[in-house]
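What's in query_17.pdb: PDB, C-alpha atoms
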ATOM      1  CA  MET A   1     148.540  73.600 131.316
ATOM      2  CA  ASN A   2     147.453  73.352 127.693
ATOM      3  CA  ILE A   3     149.162  74.832 124.669
ATOM      4  CA  GLY A   4     147.657  77.165 122.065
ATOM      5  CA  ARG A   5     148.408  79.941 119.595
ATOM      6  CA  VAL A   6     146.877  83.403 119.885
ATOM      7  CA  VAL A   7     144.954  84.266 116.710
ATOM      8  CA  GLY A   8     142.611  87.076 117.684
ATOM      9  CA  THR A   9     140.764  89.183 120.199
ATOM     10  CA  VAL A  10     137.245  89.567 121.537
ATOM     11  CA  VAL A  11     135.739  92.850 122.695
ATOM     12  CA  CYS A  12     132.829  92.945 125.156
ATOM     13  CA  THR A  13     131.564  96.315 126.391
ATOM     14  CA  VAL A  14     128.925  94.811 128.648
ATOM     15  CA  LYS A  15     130.584  92.255 130.910
ATOM     16  CA  THR A  16     131.009  91.115 134.482
ATOM     17  CA  PRO A  17     132.632  94.062 136.368
ATOM     18  CA  THR A  18     135.608  91.950 137.491
ATOM     19  CA  LEU A  19     136.549  91.419 133.822
ATOM     20  CA  GLU A  20     137.101  95.178 133.304
ATOM     21  CA  GLY A  21     140.590  95.768 131.940
ATOM     22  CA  VAL A  22     141.205  92.065 131.254
ATOM     23  CA  LYS A  23     142.402  91.235 127.725
ATOM     24  CA  LEU A  24     140.310  88.578 125.971
ATOM     25  CA  MET A  25     142.226  86.590 123.370
ATOM     26  CA  VAL A  26     141.021  84.070 120.788
ATOM     27  CA  VAL A  27     143.322  81.050 120.969
ATOM     28  CA  ARG A  28     143.744  78.121 118.573
ATOM     29  CA  GLN A  29     144.185  75.021 120.730
ATOM     30  CA  LEU A  30     147.285  72.985 119.840
ATOM     31  CA  VAL A  31     146.957  69.338 120.860
ATOM     32  CA  ASN A  32     150.225  67.434 120.364
ATOM     33  CA  GLY A  33     151.114  69.972 117.692
ATOM     34  CA  ALA A  34     147.842  69.636 115.760
ATOM     35  CA  GLU A  35     145.482  72.597 115.409
ATOM     36  CA  LYS A  36     142.108  72.116 117.117
ATOM     37  CA  GLY A  37     139.179  74.424 117.905
ATOM     38  CA  LEU A  38     139.145  78.074 118.908
ATOM     39  CA  VAL A  39     138.572  79.177 122.501
ATOM     40  CA  ILE A  40     138.615  82.467 124.392
ATOM     41  CA  ALA A  41     141.192  82.960 127.139
ATOM     42  CA  CYS A  42     141.920  85.864 129.482
ATOM     43  CA  ASP A  43     145.528  87.076 129.429
ATOM     44  CA  ALA A  44     147.270  87.120 132.818
ATOM     45  CA  THR A  45     150.585  88.169 131.216
ATOM     46  CA  ARG A  46     149.005  91.246 129.543
ATOM     47  CA  GLN A  47     151.636  90.805 126.841
ATOM     48  CA  ALA A  48     150.309  88.057 124.567
ATOM     49  CA  GLY A  49     149.845  89.041 120.929
ATOM     50  CA  ILE A  50     148.702  87.505 117.658
ATOM     51  CA  GLY A  51     151.005  84.636 116.674
ATOM     52  CA  ASP A  52     152.334  83.935 120.171
ATOM     53  CA  THR A  53     152.401  80.315 121.344
ATOM     54  CA  VAL A  54     151.065  80.303 124.888
ATOM     55  CA  TYR A  55     150.224  77.939 127.731
ATOM     56  CA  MET A  56     146.899  78.251 129.479
ATOM     57  CA  ILE A  57     145.599  77.272 132.882
ATOM     58  CA  GLY A  58     142.000  76.101 133.305
ATOM     59  CA  ARG A  59     139.383  75.472 135.970
ATOM     60  CA  LYS A  60     139.278  77.553 139.155
ATOM     61  CA  GLU A  61     142.960  78.462 138.835
ATOM     62  CA  ALA A  62     142.138  80.429 135.670
ATOM     63  CA  ALA A  63     140.107  82.844 137.786
ATOM     64  CA  LEU A  64     142.560  82.992 140.697
ATOM     65  CA  MET A  65     145.545  83.711 138.454
ATOM     66  CA  LEU A  66     143.917  86.941 137.262
ATOM     67  CA  ASN A  67     143.057  88.193 140.730
ATOM     68  CA  LEU A  68     143.405  86.260 143.961
ATOM     69  CA  ASP A  69     141.196  88.574 146.027
ATOM     70  CA  ASP A  70     138.371  89.169 143.567
ATOM     71  CA  PRO A  71     138.580  86.422 140.921
ATOM     72  CA  PRO A  72     136.785  87.117 137.645
ATOM     73  CA  PRO A  73     134.754  84.280 136.044
ATOM     74  CA  SER A  74     137.508  83.077 133.706
ATOM     75  CA  ASP A  75     137.661  79.354 132.910
ATOM     76  CA  LEU A  76     140.817  79.673 130.782
ATOM     77  CA  THR A  77     143.730  82.046 131.342
ATOM     78  CA  ILE A  78     147.018  82.543 129.507
ATOM     79  CA  ALA A  79     149.779  81.936 132.075
ATOM     80  CA  GLY A  80     152.804  82.513 129.845
ATOM     81  CA  ILE A  81     154.275  82.808 126.374
ATOM     82  CA  ILE A  82     156.700  80.180 125.037
ATOM     83  CA  ASP A  83     159.801  81.846 123.590
ATOM     84  CA  PRO A  84     159.504  81.387 119.800
ATOM     85  CA  GLU A  85     163.134  80.341 119.298
ATOM     86  CA  THR A  86     162.664  77.386 121.674
ATOM     87  CA  LEU A  87     159.571  75.926 120.009
TER      88      LEU A  87
ATOM     89  CA  MET B   1     148.714  61.352 139.915
ATOM     90  CA  LYS B   2     149.597  59.863 136.582
ATOM     91  CA  LEU B   3     152.648  58.480 134.853
ATOM     92  CA  ALA B   4     154.153  60.745 132.231
ATOM     93  CA  ARG B   5     157.272  61.199 130.137
ATOM     94  CA  VAL B   6     159.094  64.509 129.984
ATOM     95  CA  THR B   7     159.064  65.407 126.284
ATOM     96  CA  GLY B   8     160.757  68.778 126.451
ATOM     97  CA  THR B   9     161.629  71.880 128.388
ATOM     98  CA  VAL B  10     159.865  75.187 127.929
ATOM     99  CA  VAL B  11     161.623  78.534 127.868
ATOM    100  CA  SER B  12     159.181  81.284 128.675
ATOM    101  CA  THR B  13     160.399  84.818 129.300
ATOM    102  CA  VAL B  14     156.938  86.329 129.639
ATOM    103  CA  LYS B  15     154.973  84.483 132.285
ATOM    104  CA  TYR B  16     152.760  84.794 135.340
ATOM    105  CA  ASP B  17     154.887  86.618 137.957
ATOM    106  CA  LYS B  18     154.798  83.780 140.476
ATOM    107  CA  TYR B  19     156.341  81.364 137.948
ATOM    108  CA  ARG B  20     159.538  83.428 137.803
ATOM    109  CA  GLY B  21     162.500  81.178 138.596
ATOM    110  CA  MET B  22     160.497  77.989 138.179
ATOM    111  CA  LYS B  23     161.287  75.337 135.573
ATOM    112  CA  LEU B  24     158.588  74.439 133.087
ATOM    113  CA  LEU B  25     158.452  71.071 131.324
ATOM    114  CA  LYS B  26     156.443  69.531 128.547
ATOM    115  CA  VAL B  27     154.974  66.209 129.698
ATOM    116  CA  ARG B  28     152.906  63.531 128.013
ATOM    117  CA  HIS B  29     150.868  61.007 129.996
ATOM    118  CA  LEU B  30     151.671  57.297 129.650
ATOM    119  CA  ASP B  31     149.649  54.149 130.107
ATOM    120  CA  LEU B  32     151.147  51.186 132.008
ATOM    121  CA  GLU B  33     152.624  49.830 128.757
ATOM    122  CA  MET B  34     154.499  53.142 128.464
ATOM    123  CA  ASN B  35     152.485  54.252 125.434
ATOM    124  CA  GLU B  36     151.877  57.987 125.233
ATOM    125  CA  THR B  37     148.265  58.941 125.795
ATOM    126  CA  GLY B  38     146.316  62.151 125.862
ATOM    127  CA  GLU B  39     147.518  65.649 125.308
ATOM    128  CA  GLU B  40     150.971  67.127 125.839
ATOM    129  CA  LEU B  41     150.803  69.464 128.832
ATOM    130  CA  ILE B  42     153.006  72.142 130.363
ATOM    131  CA  ALA B  43     153.933  71.416 133.979
ATOM    132  CA  LEU B  44     155.836  73.126 136.769
ATOM    133  CA  ASP B  45     158.808  71.037 137.867
ATOM    134  CA  ALA B  46     159.188  70.246 141.576
ATOM    135  CA  ALA B  47     161.422  67.167 141.131
ATOM    136  CA  ASN B  48     164.301  68.485 139.030
ATOM    137  CA  ALA B  49     163.300  66.175 136.177
ATOM    138  CA  GLY B  50     164.950  66.110 132.791
ATOM    139  CA  MET B  51     164.183  65.281 129.186
ATOM    140  CA  GLY B  52     163.059  61.655 128.765
ATOM    141  CA  ASP B  53     162.482  61.015 132.484
ATOM    142  CA  ILE B  54     159.410  59.040 133.522
ATOM    143  CA  VAL B  55     157.696  61.165 136.143
ATOM    144  CA  LEU B  56     154.699  61.440 138.442
ATOM    145  CA  VAL B  57     152.412  64.233 137.353
ATOM    146  CA  ASN B  58     149.790  65.825 139.533
ATOM    147  CA  ASN B  59     146.945  67.868 138.090
ATOM    148  CA  ASP B  60     145.415  69.712 141.005
ATOM    149  CA  GLY B  61     145.715  73.278 142.229
ATOM    150  CA  GLY B  62     145.885  72.378 145.919
ATOM    151  CA  ALA B  63     148.519  69.713 145.315
ATOM    152  CA  ALA B  64     150.546  72.200 143.281
ATOM    153  CA  GLN B  65     150.674  74.558 146.269
ATOM    154  CA  MET B  66     151.940  71.730 148.479
ATOM    155  CA  VAL B  67     154.620  70.371 146.154
ATOM    156  CA  MET B  68     155.896  73.822 145.240
ATOM    157  CA  GLY B  69     155.797  74.894 148.906
ATOM    158  CA  ASP B  70     153.826  78.087 148.322
ATOM    159  CA  LYS B  71     150.296  78.404 149.641
ATOM    160  CA  THR B  72     149.541  81.340 147.370
ATOM    161  CA  LEU B  73     150.809  79.760 144.145
ATOM    162  CA  ILE B  74     148.240  79.347 141.383
ATOM    163  CA  ALA B  75     149.144  76.311 139.300
ATOM    164  CA  SER B  76     147.608  73.096 138.004
ATOM    165  CA  VAL B  77     150.007  70.553 136.507
ATOM    166  CA  THR B  78     153.141  69.736 138.510
ATOM    167  CA  VAL B  79     155.888  67.146 138.164
ATOM    168  CA  CYS B  80     156.230  65.878 141.717
ATOM    169  CA  GLY B  81     158.567  62.922 141.331
ATOM    170  CA  VAL B  82     160.933  61.039 139.041
ATOM    171  CA  ILE B  83     160.004  57.342 138.843
ATOM    172  CA  ASP B  84     162.728  54.708 139.139
ATOM    173  CA  SER B  85     160.518  51.694 138.549
ATOM    174  CA  PHE B  86     156.962  50.540 139.035
ATOM    175  CA  THR B  87     155.408  47.148 139.569
ATOM    176  CA  CYS B  88     151.988  46.228 138.275
ATOM    177  CA  GLN B  89     150.445  42.732 138.511
ATOM    178  CA  GLY B  90     153.845  41.263 139.328
ATOM    179  CA  LYS B  91     155.575  42.863 136.368
ATOM    180  CA  THR B  92     158.280  45.386 137.202
ATOM    181  CA  THR B  93     159.143  48.105 134.712
ATOM    182  CA  ARG B  94     162.418  49.959 135.168
ATOM    183  CA  CYS B  95     162.210  53.560 134.054
ATOM    184  CA  HIS B  96     165.883  54.447 133.785
ATOM    185  CA  GLY B  97     169.350  53.045 134.198
TER     186      GLY B  97
ATOM    187  CA  MET C   1     135.380  80.742 127.505
ATOM    188  CA  GLN C   2     133.326  80.140 124.398
ATOM    189  CA  LEU C   3     130.844  82.071 122.291
ATOM    190  CA  ALA C   4     127.148  81.245 122.120
ATOM    191  CA  ARG C   5     123.984  82.768 120.733
ATOM    192  CA  VAL C   6     121.051  83.295 123.066
ATOM    193  CA  ILE C   7     118.026  81.593 121.531
ATOM    194  CA  GLY C   8     115.517  81.559 124.382
ATOM    195  CA  SER C   9     114.790  81.565 128.069
ATOM    196  CA  VAL C  10     113.722  79.093 130.724
ATOM    197  CA  VAL C  11     111.086  79.679 133.382
ATOM    198  CA  SER C  12     111.087  77.311 136.327
ATOM    199  CA  THR C  13     108.833  77.820 139.332
ATOM    200  CA  ARG C  14     109.843  74.734 141.248
ATOM    201  CA  LYS C  15     113.625  74.726 141.538
ATOM    202  CA  SER C  16     116.466  74.655 144.011
ATOM    203  CA  GLN C  17     116.060  77.583 146.402
ATOM    204  CA  ASN C  18     119.600  78.589 145.567
ATOM    205  CA  LEU C  19     118.584  79.234 141.963
ATOM    206  CA  GLU C  20     115.891  81.757 142.881
ATOM    207  CA  GLY C  21     116.381  85.167 141.325
ATOM    208  CA  LEU C  22     118.709  83.927 138.581
ATOM    209  CA  LYS C  23     117.845  84.559 134.934
ATOM    210  CA  LEU C  24     118.093  81.343 132.948
ATOM    211  CA  LEU C  25     118.648  81.515 129.199
ATOM    212  CA  VAL C  26     118.944  78.908 126.458
ATOM    213  CA  ALA C  27     122.024  79.352 124.280
ATOM    214  CA  VAL C  28     123.601  77.436 121.427
ATOM    215  CA  PRO C  29     127.405  77.293 121.042
ATOM    216  CA  ILE C  30     129.024  79.266 118.203
ATOM    217  CA  ASP C  31     132.042  77.781 116.443
ATOM    218  CA  MET C  32     134.521  80.636 116.014
ATOM    219  CA  ASP C  33     136.012  79.060 112.878
ATOM    220  CA  THR C  34     132.747  79.512 110.989
ATOM    221  CA  MET C  35     130.858  81.870 113.316
ATOM    222  CA  GLN C  36     127.956  79.450 112.874
ATOM    223  CA  GLU C  37     125.965  77.620 115.513
ATOM    224  CA  LYS C  38     127.461  74.229 116.323
ATOM    225  CA  GLY C  39     126.487  71.769 119.027
ATOM    226  CA  ALA C  40     123.591  71.224 121.362
ATOM    227  CA  PRO C  41     121.763  74.106 123.087
ATOM    228  CA  PHE C  42     122.278  74.445 126.831
ATOM    229  CA  VAL C  43     120.807  76.335 129.757
ATOM    230  CA  THR C  44     123.004  79.023 131.233
ATOM    231  CA  VAL C  45     122.737  81.816 133.807
ATOM    232  CA  ASP C  46     122.749  85.408 132.585
ATOM    233  CA  THR C  47     124.815  87.834 134.701
ATOM    234  CA  VAL C  48     125.039  90.739 132.232
ATOM    235  CA  GLY C  49     121.511  91.347 130.895
ATOM    236  CA  ALA C  50     121.810  89.493 127.580
ATOM    237  CA  GLY C  51     118.824  89.171 125.270
ATOM    238  CA  GLU C  52     117.574  86.769 122.637
ATOM    239  CA  GLY C  53     119.625  86.797 119.438
ATOM    240  CA  GLU C  54     122.742  88.277 121.000
ATOM    241  CA  ILE C  55     126.161  86.637 120.761
ATOM    242  CA  VAL C  56     127.607  86.255 124.232
ATOM    243  CA  MET C  57     130.716  84.944 125.959
ATOM    244  CA  TRP C  58     130.183  82.270 128.604
ATOM    245  CA  ALA C  59     132.371  80.514 131.119
ATOM    246  CA  GLY C  60     131.897  77.011 132.471
ATOM    247  CA  GLY C  61     132.796  75.001 135.554
ATOM    248  CA  SER C  62     133.568  76.495 138.946
ATOM    249  CA  SER C  63     134.701  79.729 137.263
ATOM    250  CA  SER C  64     131.092  80.414 136.338
ATOM    251  CA  ARG C  65     130.370  80.912 140.037
ATOM    252  CA  GLN C  66     132.856  83.802 140.300
ATOM    253  CA  THR C  67     130.243  86.498 139.692
ATOM    254  CA  GLU C  68     128.222  88.514 142.135
ATOM    255  CA  GLN C  69     124.980  86.827 141.030
ATOM    256  CA  THR C  70     126.202  83.224 140.862
ATOM    257  CA  SER C  71     128.542  83.100 143.863
ATOM    258  CA  GLY C  72     127.695  80.049 145.971
ATOM    259  CA  LYS C  73     124.899  78.992 143.615
ATOM    260  CA  PRO C  74     124.569  75.572 141.912
ATOM    261  CA  VAL C  75     125.591  76.910 138.498
ATOM    262  CA  ASP C  76     127.862  75.296 135.903
ATOM    263  CA  SER C  77     127.843  77.948 133.188
ATOM    264  CA  SER C  78     127.355  81.713 133.133
ATOM    265  CA  ILE C  79     127.055  84.369 130.479
ATOM    266  CA  ILE C  80     129.761  86.861 131.459
ATOM    267  CA  GLY C  81     129.877  89.260 128.491
ATOM    268  CA  ILE C  82     127.945  90.519 125.485
ATOM    269  CA  VAL C  83     130.247  90.381 122.479
ATOM    270  CA  ASP C  84     130.797  93.514 120.367
ATOM    271  CA  PHE C  85     133.648  92.394 118.113
ATOM    272  CA  VAL C  86     135.579  89.243 117.282
ATOM    273  CA  ASP C  87     138.812  89.782 115.341
ATOM    274  CA  ILE C  88     140.728  86.743 114.094
ATOM    275  CA  LEU C  89     144.025  87.071 112.200
ATOM    276  CA  GLY C  90     143.328  90.704 111.391
ATOM    277  CA  LYS C  91     139.831  90.063 110.058
ATOM    278  CA  ARG C  92     136.686  91.279 111.800
ATOM    279  CA  ARG C  93     134.686  88.064 112.006
ATOM    280  CA  TYR C  94     131.819  89.500 114.015
ATOM    281  CA  ASP C  95     130.540  93.003 114.569
ATOM    282  CA  LYS C  96     127.506  93.374 116.749
ATOM    283  CA  GLY C  97     126.464  96.594 115.003
ATOM    284  CA  ALA C  98     126.752  95.200 111.474
ATOM    285  CA  GLY C  99     125.779  91.562 112.039
ATOM    286  CA  GLU C 100     128.074  88.715 111.117
ATOM    287  CA  VAL C 101     131.074  89.274 108.870
ATOM    288  CA  ARG C 102     132.879  86.384 107.202
TER     289      ARG C 102
END

If you took the structure in this file and wrote it as C-alpha cells, what would it be?
Amino acid sequence: MNIGRVVGTVVCTVKTPTLEGVKLMVVRQLVNGAEKGLVIACDATRQAGIGDTVYMIGRKEAALMLNLDDPPPSDLTIAGIIDPETL
Amino acid sequence: MKLARVTGTVVSTVKYDKYRGMKLLKVRHLDLEMNETGEELIALDAANAGMGDIVLVNNDGGAAQMVMGDKTLIASVTVCGVIDSFTCQGKTTRCHG
Amino acid sequence: MQLARVIGSVVSTRKSQNLEGLKLLVAVPIDMDTMQEKGAPFVTVDTVGAGEGEIVMWAGGSSSRQTEQTSGKPVDSSIIGIVDFVDILGKRRYDKGAGEVR
C-alpha cells in the first residue's frame, strides 16, 4: 500500500450509483517522504480528514475494500490512517 | 515476490475493519546488491518480521488471502517470510546474524 | 482516480463486439496542482452521461470495469463521476457552476 496525505475533497453529484455515500478525498502522494502529485482516493475508513497521513490500496482491491458484494469502480482506496505521533 | 527491508512499523488506530489485530510494516524493495529501490510501501505482516529484517514481499491480492489465511481479506502487499540468506550466481549473501 | 476534461468523442463502427453500446469520449488529464490540462489525451468510456467541456473523475485498470455498463467489457478506463467541486487545503479550486477558481 502507498502512502499519502489528505489535502482536500471532491464532490460529484452525478456519479456511478455504487459510489453513493462514498467519501472522495484528494491525496498528495508521498514517495519515500517526498511530495508527489495529487490523486483522488475513496475513503474506506470514513474517518480520514485534511492533514491525515494515510495508506492506500490500489487495483481491484481498492474496489473490493469498499464493498465486497457490489464493488464500486474505485482504483485507489484509503485503507487506514497512520497515527500522527508515530510518523 | 521481491526482496525488501523492513524500514519501520506503522501504528494505525483507524483502519479497514479486517486489518484489526494485524501488524503493519513499512518496507522498501531491494536489488540483489541490497540497495533500496522503488517506493516505500505499507505491508501486512504474516512472518512476524521486525525492523531491519530482510524479507520476502508479495504484492498480490490473492496471495495476501493465502498468506494471511483469510479468503475474504482484501489486501495487496504482504510480508510472507524473513530471509536468512540468498545465493545468486554462486555468491551467498547472509541477511542477519 | 484522476480528473480529466472531456474534449471530444470517438465513433467506431468496426470494433470488438463487447464494446458495442458504450459511449467513447476523448479526455485530457487535469493536474490538480494547477487545475490545468497536463498530459496526453486518452479514450475513455462514459458511464455517467458526461459532455464535452466537463471536468470528470475517471478510474483506470480493472476497477474501471466495476460499473453496470462496463462489467465484463474490454475497458481500461471509465468516467465514473461529473465533478461539481474540488476543495484543496480549504480553498475551492474548482466550482462547476462558476468555472475554474485558482

Identify all residues satisfying the PyMOL selection byres ((chain A and resi 30-46) around 8) in the given file; provide them as a ChimeraX atom specification.
-> /A:2-5,10,22-29,47-48,56,65-66,74-80 /B:14-16,39-40 /C:1-2,31-33

Determine, counting only C-alpha atoms, which protein, DNA and RNA residues have an atom within 9 Å of an atom of C:Val11; residues of the same chain fewer than 6 positions away are not included. Present the result as a VMD selection string.
-> chain C and resid 23 to 25

Please identify every residue of chain C that has at least one atom no more than 10 Å from any atom of chain A, counting only C-alpha atoms, and report them as JSON, numbers by chain.
-> {"C": [1, 2, 3, 31, 32, 33, 47, 48, 49, 50, 56, 57, 58, 59, 60, 61, 62, 63, 64, 65, 66, 67, 68, 69, 70, 77, 78, 79, 80, 81, 82, 83, 84, 85, 86, 87, 88, 89, 90, 91, 92, 93, 94, 95, 96]}

When the ChimeraX specification (/A :<7) & /B is applied to the file above, which residues end up in the set, as number ranges by chain?
-> B: 10-16, 39-43, 61, 74-77

Edge lengths and centre in Å to one decimal, as AutoDock Vina command-line options, of the axis-aligned box that encloses all listed atoms of stretch 65-70 of chain A with 8 Å added on every side?
--center_x 142.0 --center_y 86.4 --center_z 141.6 --size_x 23.2 --size_y 21.5 --size_z 24.8

Can you pull out every residue within 12 Å of B:Ala63, counting all atoms listed in the file, but drop anything in the same chain fewer than 6 positions away, and send it as a PyMOL selection string?
-> chain B and resi 1+44+46+57+69-80

Identify all residues satisfying the PyMOL selection byres ((chain B and resi 2-8) around 6) in the given file; provide them as a list in words.
->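 On the file shown, the PyMOL selection byres ((chain B and resi 2-8) around 6) covers Met1, Thr9, Leu25, Lys26, Val27, Arg28, His29, Leu30, Met51, Gly52, Asp53, Ile54, Val55, Leu56 and Val57 of chain B.
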
Rounded to one decimal place, report the atom CA of B:Ala47-atom CA of B:Asp84 distance in Å.
->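 Separation between atom CA of B:Ala47 and atom CA of B:Asp84: 12.7 Å.
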
Can you patch up stretch 86-99 of chain C, filling it in to N, CA, C and O atoms, and show the result as a tab-separated table (two decimals), keeping the file's coordinate frame?
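Writing the result to part-v7.tsv gives the following:
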chain	number	residue	atom	x	y	z
C	86	VAL	N	134.62	90.35	117.26
C	86	VAL	CA	135.58	89.24	117.28
C	86	VAL	C	136.52	89.46	116.11
C	86	VAL	O	136.07	89.53	114.96
C	87	ASP	N	137.80	89.62	116.39
C	87	ASP	CA	138.81	89.78	115.34
C	87	ASP	C	139.71	88.56	115.34
C	87	ASP	O	140.25	88.20	116.38
C	88	ILE	N	139.84	87.90	114.19
C	88	ILE	CA	140.73	86.74	114.09
C	88	ILE	C	141.67	86.94	112.91
C	88	ILE	O	141.22	87.15	111.78
C	89	LEU	N	142.97	86.87	113.20
C	89	LEU	CA	144.02	87.07	112.20
C	89	LEU	C	143.77	88.33	111.36
C	89	LEU	O	143.81	88.30	110.14
C	90	GLY	N	143.48	89.41	112.06
C	90	GLY	CA	143.33	90.70	111.39
C	90	GLY	C	142.00	90.92	110.70
C	90	GLY	O	141.76	91.98	110.12
C	91	LYS	N	141.13	89.92	110.72
C	91	LYS	CA	139.83	90.06	110.06
C	91	LYS	C	138.73	90.21	111.10
C	91	LYS	O	138.70	89.45	112.07
C	92	ARG	N	137.82	91.14	110.89
C	92	ARG	CA	136.69	91.28	111.80
C	92	ARG	C	135.66	90.20	111.44
C	92	ARG	O	135.00	90.27	110.42
C	93	ARG	N	135.57	89.18	112.30
C	93	ARG	CA	134.69	88.06	112.01
C	93	ARG	C	133.28	88.29	112.53
C	93	ARG	O	132.34	87.63	112.12
C	94	TYR	N	133.15	89.20	113.49
C	94	TYR	CA	131.82	89.50	114.02
C	94	TYR	C	131.80	90.94	114.48
C	94	TYR	O	132.75	91.42	115.11
C	95	ASP	N	130.73	91.63	114.13
C	95	ASP	CA	130.54	93.00	114.57
C	95	ASP	C	129.10	93.13	114.96
C	95	ASP	O	128.20	92.96	114.14
C	96	LYS	N	128.88	93.37	116.23
C	96	LYS	CA	127.51	93.37	116.75
C	96	LYS	C	126.64	94.39	115.99
C	96	LYS	O	125.48	94.13	115.69
C	97	GLY	N	127.22	95.54	115.69
C	97	GLY	CA	126.46	96.59	115.00
C	97	GLY	C	126.08	96.21	113.58
C	97	GLY	O	124.99	96.52	113.12
C	98	ALA	N	126.96	95.48	112.89
C	98	ALA	CA	126.75	95.20	111.47
C	98	ALA	C	126.27	93.77	111.21
C	98	ALA	O	126.03	93.40	110.07
C	99	GLY	N	126.11	92.97	112.25
C	99	GLY	CA	125.78	91.56	112.04
C	99	GLY	C	127.04	90.79	111.75
C	99	GLY	O	128.14	91.29	111.94
